[in-house]
file work03.csv (CSV, C-alpha atoms)
chain,number,residue,atom,x,y,z
C,109,MET,CA,4.1,7.1,17.8
C,110,PRO,CA,6.6,7.2,15.0
C,111,VAL,CA,5.4,7.9,11.4
C,112,GLU,CA,6.5,6.0,8.4
C,113,PHE,CA,6.5,6.8,4.7
C,114,LEU,CA,5.8,4.3,1.9
C,115,GLY,CA,6.6,5.0,-1.7
C,116,ILE,CA,6.4,3.0,-5.0
C,117,ALA,CA,9.0,0.7,-6.4
C,118,ALA,CA,8.0,0.8,-10.1
C,119,THR,CA,9.9,-1.2,-12.6
C,120,ASN,CA,9.6,1.4,-15.3
C,121,ASP,CA,8.9,5.1,-15.7
C,122,GLY,CA,5.3,4.9,-16.9
C,123,SER,CA,2.4,6.4,-15.0
C,124,GLU,CA,-1.2,7.5,-15.5
C,125,THR,CA,0.1,10.7,-17.2
C,126,THR,CA,3.1,9.3,-19.2
C,127,PRO,CA,3.7,6.1,-21.2
C,128,ARG,CA,6.8,4.2,-20.3
C,129,SER,CA,9.9,4.9,-22.2
C,130,GLY,CA,11.3,1.4,-22.3
C,131,ALA,CA,10.7,-2.2,-21.3
C,132,ALA,CA,8.3,-3.3,-18.6
C,133,PHE,CA,11.3,-4.2,-16.4
C,134,ASP,CA,13.9,-1.5,-16.7
C,135,LYS,CA,16.6,-2.7,-14.4
C,136,GLU,CA,18.5,0.6,-14.2
C,137,TYR,CA,15.3,2.7,-13.6
C,138,THR,CA,14.0,0.3,-11.0
C,139,LEU,CA,17.2,0.7,-8.9
C,140,ARG,CA,17.5,4.4,-9.5
C,141,LEU,CA,13.9,5.0,-8.3
C,142,ALA,CA,14.4,2.8,-5.2
C,143,ARG,CA,17.7,4.6,-4.4
C,144,ALA,CA,16.0,7.9,-4.7
C,145,HIS,CA,13.6,6.8,-2.0
C,146,GLU,CA,16.4,5.5,0.2
C,147,ASP,CA,18.3,8.8,-0.2
C,148,HIS,CA,15.4,11.1,0.5
C,149,GLY,CA,14.0,9.9,3.8
C,150,TRP,CA,11.4,7.2,2.8
C,151,ASP,CA,11.1,4.1,4.9
C,152,ARG,CA,9.9,1.5,2.4
C,153,VAL,CA,8.7,1.0,-1.1
C,154,LEU,CA,5.9,-1.1,-2.5
C,155,PHE,CA,6.5,-3.7,-5.2
C,156,ALA,CA,3.1,-3.9,-6.7
C,157,TYR,CA,1.4,-6.9,-8.5
C,158,GLY,CA,-0.4,-7.0,-11.8
C,159,SER,CA,-1.4,-10.0,-13.9
C,160,GLY,CA,0.9,-9.2,-16.8
C,161,SER,CA,3.5,-7.1,-14.9
C,162,PRO,CA,7.1,-8.1,-14.0
C,163,ASP,CA,7.2,-10.5,-11.0
C,164,PRO,CA,7.7,-8.3,-8.0
C,165,ALA,CA,9.6,-10.9,-5.8
C,166,PRO,CA,12.8,-11.1,-7.9
C,167,ALA,CA,12.6,-7.3,-8.6
C,168,ALA,CA,12.5,-6.8,-4.8
C,169,ALA,CA,15.4,-9.2,-4.3
C,170,TYR,CA,17.4,-7.2,-6.9
C,171,VAL,CA,16.8,-3.9,-5.1
C,172,ALA,CA,17.3,-5.4,-1.6
C,173,SER,CA,20.7,-6.8,-2.5
C,174,ARG,CA,21.9,-3.4,-3.7
C,175,LEU,CA,20.5,-1.0,-1.0
C,176,ASP,CA,21.2,-1.0,2.7
C,177,ARG,CA,18.3,0.6,4.5
C,178,LEU,CA,15.2,0.8,2.3
C,179,GLN,CA,12.5,-1.6,3.5
C,180,ILE,CA,10.3,-3.6,1.1
C,181,LEU,CA,6.6,-4.2,0.9
C,182,LEU,CA,6.0,-7.1,-1.5
C,183,ALA,CA,2.5,-7.4,-3.0
C,184,HIS,CA,1.3,-11.0,-3.5
C,185,ARG,CA,-2.0,-12.6,-4.7
C,186,PRO,CA,-2.8,-15.9,-3.1
C,187,ASN,CA,-4.1,-17.4,-6.3
C,188,VAL,CA,-0.7,-17.4,-8.0
C,189,SER,CA,1.1,-19.8,-5.8
C,190,TYR,CA,0.6,-22.4,-3.1
C,191,PRO,CA,1.1,-21.0,0.4
C,192,THR,CA,3.9,-23.5,1.3
C,193,PHE,CA,5.9,-22.2,-1.8
C,194,ALA,CA,5.1,-18.6,-1.1
C,195,ALA,CA,6.1,-18.7,2.6
C,196,LYS,CA,9.6,-20.0,1.5
C,197,THR,CA,9.9,-17.3,-1.1
C,198,PHE,CA,9.1,-14.6,1.5
C,199,ALA,CA,11.4,-16.1,4.1
C,200,THR,CA,14.3,-16.2,1.5
C,201,LEU,CA,13.6,-12.6,0.5
C,202,ASP,CA,13.6,-11.5,4.2
C,203,GLN,CA,17.0,-13.2,4.5
C,204,ILE,CA,18.3,-11.4,1.4
C,205,SER,CA,17.1,-8.1,2.7
C,206,ASP,CA,18.4,-8.7,6.3
C,207,GLY,CA,15.0,-8.5,7.7
C,208,ARG,CA,13.5,-5.6,5.7
C,209,LEU,CA,10.5,-7.4,4.3
C,210,ALA,CA,6.7,-7.0,4.8
C,211,VAL,CA,4.1,-8.8,2.6
C,212,HIS,CA,1.0,-7.2,1.3
C,213,PHE,CA,-1.7,-9.8,0.5
C,214,ILE,CA,-4.1,-8.9,-2.3
C,215,THR,CA,-7.4,-10.6,-2.4
C,216,GLY,CA,-8.4,-9.0,-5.7
C,217,GLY,CA,-11.5,-6.8,-6.3
C,218,ASN,CA,-12.0,-7.4,-10.1
C,219,ASP,CA,-13.2,-10.8,-11.5
C,220,HIS,CA,-11.7,-10.2,-14.9
C,221,GLU,CA,-8.2,-9.3,-13.6
C,222,GLN,CA,-8.3,-12.3,-11.3
C,223,GLY,CA,-9.4,-14.5,-14.2
C,224,ARG,CA,-6.4,-13.5,-16.3
C,225,GLU,CA,-4.4,-15.9,-14.1
C,226,GLY,CA,-7.1,-18.6,-13.7
C,227,ASP,CA,-8.8,-17.4,-10.5
C,228,ILE,CA,-12.5,-18.2,-10.8
C,229,LEU,CA,-13.6,-17.8,-7.1
C,230,THR,CA,-16.2,-15.2,-6.1
C,231,LYS,CA,-15.1,-12.1,-4.2
C,232,ASN,CA,-16.3,-13.5,-0.8
C,233,GLU,CA,-14.6,-16.8,-1.6
C,234,ARG,CA,-11.4,-15.0,-2.3
C,235,TYR,CA,-11.5,-13.2,1.0
C,236,ALA,CA,-12.0,-16.5,2.8
C,237,ARG,CA,-9.1,-18.0,0.9
C,238,THR,CA,-6.8,-15.1,1.6
C,239,ARG,CA,-7.5,-15.4,5.4
C,240,GLU,CA,-6.7,-19.1,5.3
C,241,TYR,CA,-3.6,-18.4,3.2
C,242,ILE,CA,-2.2,-15.8,5.6
C,243,GLY,CA,-2.7,-18.1,8.5
C,244,ILE,CA,-0.8,-20.8,6.8
C,245,VAL,CA,2.1,-18.5,5.8
C,246,LYS,CA,2.4,-17.2,9.4
C,247,LYS,CA,2.5,-20.7,10.7
C,248,ILE,CA,5.2,-21.8,8.2
C,249,TRP,CA,7.3,-18.8,9.2
C,250,THR,CA,7.3,-19.8,12.8
C,251,ALA,CA,6.8,-23.6,13.0
C,252,HIS,CA,9.9,-25.7,13.4
C,253,GLU,CA,8.1,-29.0,13.5
C,254,PRO,CA,6.1,-30.6,10.6
C,255,PHE,CA,2.4,-30.0,10.5
C,256,ASP,CA,-0.7,-30.9,8.5
C,257,HIS,CA,-3.4,-28.5,7.2
C,258,GLU,CA,-6.9,-29.4,6.2
C,259,GLY,CA,-8.8,-26.3,5.2
C,260,ALA,CA,-11.5,-25.1,2.8
C,261,HIS,CA,-8.9,-24.1,0.1
C,262,TYR,CA,-5.6,-25.8,1.0
C,263,ARG,CA,-4.6,-29.3,2.2
C,264,PHE,CA,-1.1,-30.6,2.8
C,265,HIS,CA,0.6,-33.0,5.2
C,266,ASP,CA,3.9,-33.2,7.2
C,267,PHE,CA,5.3,-29.8,6.0
C,268,VAL,CA,8.1,-27.9,7.6
C,269,SER,CA,10.2,-25.3,6.0
C,270,ASP,CA,14.0,-25.2,6.2
C,271,VAL,CA,14.2,-21.5,5.6
C,272,PHE,CA,12.9,-18.9,8.1
C,273,PRO,CA,12.6,-15.1,8.0
C,274,ALA,CA,15.5,-13.0,9.4
C,275,GLN,CA,12.8,-11.1,11.4
C,276,GLN,CA,11.6,-12.7,14.6
C,277,PRO,CA,9.1,-13.9,15.1
C,278,ARG,CA,8.1,-13.1,11.5
C,279,PRO,CA,7.6,-10.2,8.9
C,280,ASN,CA,4.6,-8.0,9.1
C,281,VAL,CA,1.5,-8.8,7.1
C,282,SER,CA,-0.3,-6.0,5.2
C,283,PHE,CA,-3.8,-6.1,3.9
C,284,GLY,CA,-6.4,-3.7,2.3
C,285,GLY,CA,-10.0,-3.4,1.3
C,286,SER,CA,-13.1,-1.4,2.1
C,287,SER,CA,-15.9,-4.0,2.1
C,288,PRO,CA,-17.3,-5.8,5.2
C,289,ALA,CA,-15.5,-9.0,4.0
C,290,ALA,CA,-12.2,-7.2,3.8
C,291,TYR,CA,-12.6,-5.7,7.3
C,292,GLU,CA,-13.3,-9.1,8.7
C,293,ALA,CA,-10.3,-10.8,7.1
C,294,GLY,CA,-7.9,-8.0,7.6
C,295,GLY,CA,-9.1,-7.2,11.0
C,296,ALA,CA,-8.4,-10.8,12.0
C,297,GLU,CA,-5.0,-11.3,10.3
C,298,ALA,CA,-3.3,-8.0,9.4
C,299,ASP,CA,-0.5,-6.2,11.2
C,300,ILE,CA,-1.0,-3.2,8.9
C,301,TYR,CA,-4.4,-2.3,7.3
C,302,CYS,CA,-4.2,-0.3,4.1
C,303,LEU,CA,-6.8,2.3,3.0
C,304,TRP,CA,-7.0,4.6,0.0
C,305,GLY,CA,-7.1,8.3,0.7
C,306,GLU,CA,-10.6,9.5,1.5
C,307,PRO,CA,-11.9,12.5,3.5
C,308,LEU,CA,-11.0,12.6,7.2
C,309,ALA,CA,-14.6,11.7,8.3
C,310,GLU,CA,-14.8,8.6,6.0
C,311,THR,CA,-11.3,7.5,7.0
C,312,ALA,CA,-12.2,7.7,10.7
C,313,GLU,CA,-15.2,5.5,10.0
C,314,GLN,CA,-13.1,2.9,8.2
C,315,ILE,CA,-10.5,2.9,11.0
C,316,GLU,CA,-13.4,2.2,13.4
C,317,ALA,CA,-14.6,-0.6,11.2
C,318,VAL,CA,-11.2,-2.2,11.1
C,319,GLU,CA,-10.7,-2.0,14.8
C,320,ALA,CA,-14.2,-3.4,15.5
C,321,ALA,CA,-13.4,-6.4,13.2
C,322,ALA,CA,-10.1,-7.0,15.0
C,323,ARG,CA,-11.9,-7.1,18.4
C,324,ALA,CA,-14.6,-9.3,16.9
C,325,ALA,CA,-11.8,-11.7,15.9
C,326,GLY,CA,-10.6,-11.9,19.5
C,327,ARG,CA,-7.5,-9.8,19.1
C,328,THR,CA,-6.2,-7.8,22.0
C,329,ASP,CA,-4.3,-5.4,19.6
C,330,VAL,CA,-5.5,-3.7,16.4
C,331,PRO,CA,-3.7,-3.3,13.0
C,332,ARG,CA,-1.7,-0.2,12.3
C,333,ILE,CA,-3.3,2.0,9.7
C,334,GLN,CA,-1.8,3.1,6.4
C,335,VAL,CA,-3.5,5.6,4.0
C,336,ALA,CA,-2.4,6.3,0.4
C,337,PHE,CA,-2.5,9.5,-1.6
C,338,ARG,CA,-1.2,11.1,-4.8
C,339,PRO,CA,0.6,14.3,-3.7
C,340,ILE,CA,0.7,17.2,-6.2
C,341,ILE,CA,3.1,19.9,-4.7
C,342,ALA,CA,4.6,23.1,-5.9
C,343,PRO,CA,6.3,26.2,-4.3
C,344,THR,CA,3.0,28.2,-4.2
C,345,GLU,CA,-0.7,27.3,-3.9
C,346,GLU,CA,-1.4,28.8,-7.3
C,347,LEU,CA,1.3,26.8,-9.0
C,348,ALA,CA,0.2,23.6,-7.2
C,349,TRP,CA,-3.4,24.0,-8.4
C,350,GLU,CA,-2.2,24.7,-12.0
C,351,LYS,CA,-0.1,21.6,-11.8
C,352,ALA,CA,-3.1,19.6,-10.5
C,353,HIS,CA,-5.3,20.6,-13.4
C,354,ARG,CA,-2.5,19.9,-15.9
C,355,THR,CA,-2.2,16.4,-14.3
C,356,VAL,CA,-5.9,15.6,-14.7
C,357,GLY,CA,-5.7,16.8,-18.3
C,358,ALA,CA,-2.8,14.5,-18.9
C,359,ILE,CA,-4.6,11.5,-17.3
C,360,ARG,CA,-7.6,12.1,-19.6
C,361,GLU,CA,-5.5,12.4,-22.7
C,362,ARG,CA,-3.5,9.3,-21.9
C,363,ARG,CA,-6.7,7.3,-21.3
C,364,GLU,CA,-8.2,8.5,-24.6
C,365,ALA,CA,-5.0,7.9,-26.6
C,366,GLY,CA,-4.1,4.5,-25.1
C,367,PRO,CA,-2.9,1.9,-25.0
C,368,VAL,CA,-3.6,1.8,-21.3
C,369,ARG,CA,-4.9,-1.5,-19.9
C,370,HIS,CA,-8.0,-1.2,-17.8
C,371,HIS,CA,-9.9,-3.6,-15.7
C,372,ARG,CA,-13.3,-4.5,-17.1
C,373,ARG,CA,-16.2,-3.1,-15.1
C,374,GLY,CA,-19.3,-4.8,-13.9
C,375,ALA,CA,-22.6,-5.0,-15.7
C,376,SER,CA,-23.7,-1.7,-14.2
C,377,GLY,CA,-20.6,0.1,-15.7
C,378,SER,CA,-19.2,0.8,-12.2
C,379,PRO,CA,-16.1,-0.8,-10.7
C,380,GLU,CA,-16.6,-4.1,-8.9
C,381,ASN,CA,-14.5,-3.4,-5.9
C,382,THR,CA,-15.9,-1.4,-3.0
C,383,GLY,CA,-12.8,0.8,-2.6
C,384,SER,CA,-13.1,2.2,-6.1
C,385,GLN,CA,-16.9,2.6,-5.7
C,386,ARG,CA,-16.3,4.7,-2.6
C,387,LEU,CA,-13.7,6.9,-4.4
C,388,ILE,CA,-16.2,7.5,-7.3
C,389,ALA,CA,-19.0,8.3,-4.9
C,390,ILE,CA,-16.8,10.8,-3.0
C,391,ALA,CA,-15.7,12.4,-6.3
C,392,GLU,CA,-19.3,12.8,-7.4
C,393,ALA,CA,-20.2,14.4,-4.1
C,394,GLY,CA,-17.5,17.1,-4.4
C,395,GLU,CA,-14.0,18.0,-5.7
C,396,ARG,CA,-12.4,19.3,-2.5
C,397,TYR,CA,-12.4,18.1,1.0
C,398,ASP,CA,-10.7,19.0,4.3
C,399,ARG,CA,-7.4,20.8,4.0
C,400,ALA,CA,-6.1,19.6,0.6
C,401,LEU,CA,-7.9,16.4,-0.6
C,402,TRP,CA,-8.8,16.7,-4.3
C,403,THR,CA,-10.9,14.0,-6.1
C,404,PRO,CA,-10.8,14.8,-9.9
C,405,THR,CA,-7.7,12.6,-10.2
C,406,ALA,CA,-9.7,9.7,-8.9
C,407,ALA,CA,-12.7,10.5,-11.1
C,408,ALA,CA,-10.4,10.7,-14.2
C,409,THR,CA,-9.1,7.2,-13.6
C,410,GLY,CA,-12.5,5.7,-12.8
C,411,GLY,CA,-11.5,5.3,-9.1
C,412,SER,CA,-8.6,3.1,-10.1
C,413,GLY,CA,-6.4,2.3,-7.1
C,414,ASN,CA,-4.7,4.9,-5.1
C,415,SER,CA,-5.9,8.0,-6.9
C,416,ASN,CA,-7.1,10.8,-4.7
C,417,ALA,CA,-4.7,13.7,-4.6
C,418,LEU,CA,-3.4,16.1,-1.9
C,419,VAL,CA,-2.7,19.5,-3.6
C,420,GLY,CA,-0.7,22.4,-2.3
C,421,THR,CA,2.6,23.7,-1.1
C,422,PRO,CA,4.8,21.2,0.8
C,423,GLU,CA,3.6,22.9,4.0
C,424,THR,CA,-0.1,22.5,3.1
C,425,VAL,CA,0.3,18.8,2.1
C,426,ALA,CA,2.4,18.1,5.2
C,427,GLN,CA,-0.3,19.6,7.4
C,428,ALA,CA,-3.0,17.5,5.6
C,429,LEU,CA,-1.0,14.4,6.2
C,430,LEU,CA,-0.7,15.3,9.9
C,431,ASP,CA,-4.5,15.6,10.0
C,432,TYR,CA,-4.5,11.9,9.1
C,433,TYR,CA,-1.8,11.1,11.6
C,434,ASP,CA,-3.9,12.7,14.3
C,435,LEU,CA,-6.7,10.3,13.4
C,436,GLY,CA,-4.4,7.3,14.1
C,437,VAL,CA,-2.7,6.8,10.7
C,438,ASP,CA,1.0,6.2,11.2
C,439,ILE,CA,2.0,4.9,7.8
C,440,LEU,CA,1.6,7.4,5.0
C,441,SER,CA,1.8,6.2,1.4
C,442,ALA,CA,2.5,8.6,-1.4
C,443,ARG,CA,3.1,8.3,-5.1
C,444,GLY,CA,3.4,11.2,-7.6
C,445,TYR,CA,2.8,11.1,-11.3
C,446,ASP,CA,6.4,11.8,-12.2
C,447,LEU,CA,7.6,8.8,-10.2
C,448,LEU,CA,11.2,9.7,-9.8
C,449,GLY,CA,11.0,13.5,-9.6
C,450,ASP,CA,8.0,13.5,-7.2
C,451,ALA,CA,9.7,10.9,-4.9
C,452,ILE,CA,12.7,13.2,-4.6
C,453,ASP,CA,10.6,16.4,-4.1
C,454,PHE,CA,8.3,14.8,-1.6
C,455,GLY,CA,11.3,13.4,0.3
C,456,ARG,CA,13.1,16.8,0.4
C,457,TYR,CA,10.2,19.1,1.1
C,458,VAL,CA,7.3,17.2,2.8
C,459,ILE,CA,8.7,14.3,4.8
C,460,PRO,CA,11.0,16.5,7.0
C,461,ILE,CA,8.0,18.7,8.0
C,462,VAL,CA,5.8,15.8,8.9
C,463,ARG,CA,8.6,14.1,10.9
C,464,GLU,CA,9.4,17.3,12.8
C,465,GLU,CA,5.7,17.9,13.7
C,466,VAL,CA,5.2,14.3,14.7
C,467,ALA,CA,8.2,14.5,17.0
C,468,LYS,CA,6.7,17.6,18.6
C,469,ARG,CA,3.4,15.9,19.1
C,470,ASP,CA,5.1,12.9,20.7
C,471,ALA,CA,7.1,15.1,23.0
C,472,GLU,CA,4.0,17.0,24.1
C,473,ARG,CA,2.2,13.7,24.8
C,474,ALA,CA,5.1,12.5,26.8
C,475,ALA,CA,5.2,15.7,28.8
C,476,ARG,CA,1.5,15.5,29.5
C,477,GLY,CA,1.9,11.9,30.7
C,478,THR,CA,4.8,12.9,33.0
C,479,LEU,CA,2.7,15.8,34.4
C,480,ALA,CA,-0.3,13.4,35.0
C,481,VAL,CA,2.0,11.0,37.0
C,482,VAL,CA,3.5,13.8,39.1
C,483,ARG,CA,0.0,15.1,40.0
call {"tool": "encode", "arguments": {"input": "work03.csv", "output": "structure tokens"}}
result
Amino acid sequence: MPVEFLGIAATNDGSETTPRSGAAFDKEYTLRLARAHEDHGWDRVLFAYGSGSPDPAPAAAYVASRLDRLQILLAHRPNVSYPTFAAKTFATLDQISDGRLAVHFITGGNDHEQGREGDILTKNERYARTREYIGIVKKIWTAHEPFDHEGAHYRFHDFVSDVFPAQQPRPNVSFGGSSPAAYEAGGAEADIYCLWGEPLAETAEQIEAVEAAARAAGRTDVPRIQVAFRPIIAPTEELAWEKAHRTVGAIRERREAGPVRHHRRGASGSPENTGSQRLIAIAEAGERYDRALWTPTAAATGGSGNSNALVGTPETVAQALLDYYDLGVDILSARGYDLLGDAIDFGRYVIPIVREEVAKRDAERAARGTLAVVR
């Protein structure tokens, strides 16, 4: 199966290691970073969502109207707009991008962050709402006759959209999470299920849980799997590990110096969301796993988001990614700490190796299949 690469579409040059140099929405930098991804072999970029961050939808439209090939993954939280409105926004953006849109629905794993924009539902209630929301959006994208909806969270009557996606029948839906409620909702609705980078054994367990949830929901297919990492590469192993330790030092210094906005933690002091809890537990159990997975970057951020690193030469990191491909992961998400420079280096030195090896694997599978038919 083909492999795809997802990068980040940041709207400024700030990261966990470096404060931004300008405004939150730096138009020139946003386009420059996206163009670097398009020019260096990436398939798509994620426009992320934060309560106080620039709105990702117009930023995505800006980039889509200026680039020809790069695909867009737009993050969206259901609490910020009614699904009838959101579905039209997505369809319009898919038209602007000539069918290059996918939408990543975020349920939200932190009560305080959700509350910043007035969301007071509990976590399980949010998952139920997200599942209902996705179902409505999918129907709006494909229904050409007016319909009513009477659900637990949304009610409307006689709605039909006059704008439809360029993609037929609809754009892909992306979803993530590591709790049973997340598996249930995403297993039922997602075309792509997103996981944070964990050791191979734990990742295999999560893939199994997602596929079991999809079968329990009555699906005959299963979501494609995406896994996210923070690659730290250098020409030699020694230089890569020196760079890794400098990176962790910079993360710690930045958090101590501030101002960096953090989500508040639960009463126990640990993160509220299961994914971050898993990353912290893995980091506490060990620093290095498998071929190249390194957890101190996750520990330094308190398990915040995509934060486990893959450390080594481009060849080492590429082989580590192929280990995940062999588990059934076919969308590989990567984001460095120098957003622009790392996107270029990863595209130049890692992506070609992975694509070449995947092509070899696919050719070998095809040959074995032909042999089996002949015999």
call {"tool": "closest_residue", "arguments": {"input": "work03.csv", "among": "C:Leu114, C:Leu139, C:Leu308, C:Tyr397", "to": "C:Val171", "atoms": "only C-alpha atoms"}}
result
C:Leu139
call {"tool": "closest_residue", "arguments": {"input": "work03.csv", "among": "C:Ala417, C:Ala451, C:Val318, C:Val268", "to": "C:Ser286", "atoms": "all atoms listed in the file"}}
result
C:Val318
call {"tool": "atom_distance", "arguments": {"input": "work03.csv", "atom1": "atom CA of C:Ser415", "atom2": "atom CA of C:Arg338"}}
result
6.0 Å
call {"tool": "residues_around", "arguments": {"input": "work03.csv", "residues": "C:Pro191", "least_positions_apart": "6", "cutoff": "8 Å", "atoms": "all atoms listed in the file", "output": "MDAnalysis selection string"}}
result
chainID C and resid 241 244:245
call {"tool": "residues_around", "arguments": {"input": "work03.csv", "residues": "C:Ala348", "least_positions_apart": "6", "cutoff": "7 Å", "atoms": "only C-alpha atoms", "output": "MDAnalysis selection string"}}
result
chainID C and resid 340:342 419:421
call {"tool": "closest_residue", "arguments": {"input": "work03.csv", "among": "C:Ser173, C:Ile333, C:Ala471, C:Glu364", "to": "C:Ala312", "atoms": "only C-alpha atoms"}}
result
C:Ile333
call {"tool": "residues_near_point", "arguments": {"input": "work03.csv", "point": "(-0.2, -11.9, 3.3)", "cutoff": "9 Å", "atoms": "only C-alpha atoms", "output": "PyMOL selection string"}}
result
chain C and resi 183-186+210-214+238-239+241-243+245-246+280-283+297-298
call {"tool": "atom_distance", "arguments": {"input": "work03.csv", "atom1": "atom CA of C:Asn416", "atom2": "atom CA of C:Trp349"}}
result
14.2 Å
call {"tool": "closest_residue", "arguments": {"input": "work03.csv", "among": "C:Gly122, C:Pro331, C:Pro422, C:Gly383", "to": "C:Leu347", "atoms": "all atoms listed in the file"}}
result
C:Pro422
call {"tool": "atom_distance", "arguments": {"input": "work03.csv", "atom1": "atom CA of C:Gly410", "atom2": "atom CA of C:Ile180"}}
result
28.3 Å
call {"tool": "closest_residue", "arguments": {"input": "work03.csv", "among": "C:Gly207, C:Asp446, C:Gly294, C:Ile452", "to": "C:Asn120", "atoms": "all atoms listed in the file"}}
result
C:Asp446
call {"tool": "closest_residue", "arguments": {"input": "work03.csv", "among": "C:Arg278, C:Lys468, C:Arg396, C:Arg208", "to": "C:Arg177", "atoms": "only C-alpha atoms"}}
result
C:Arg208
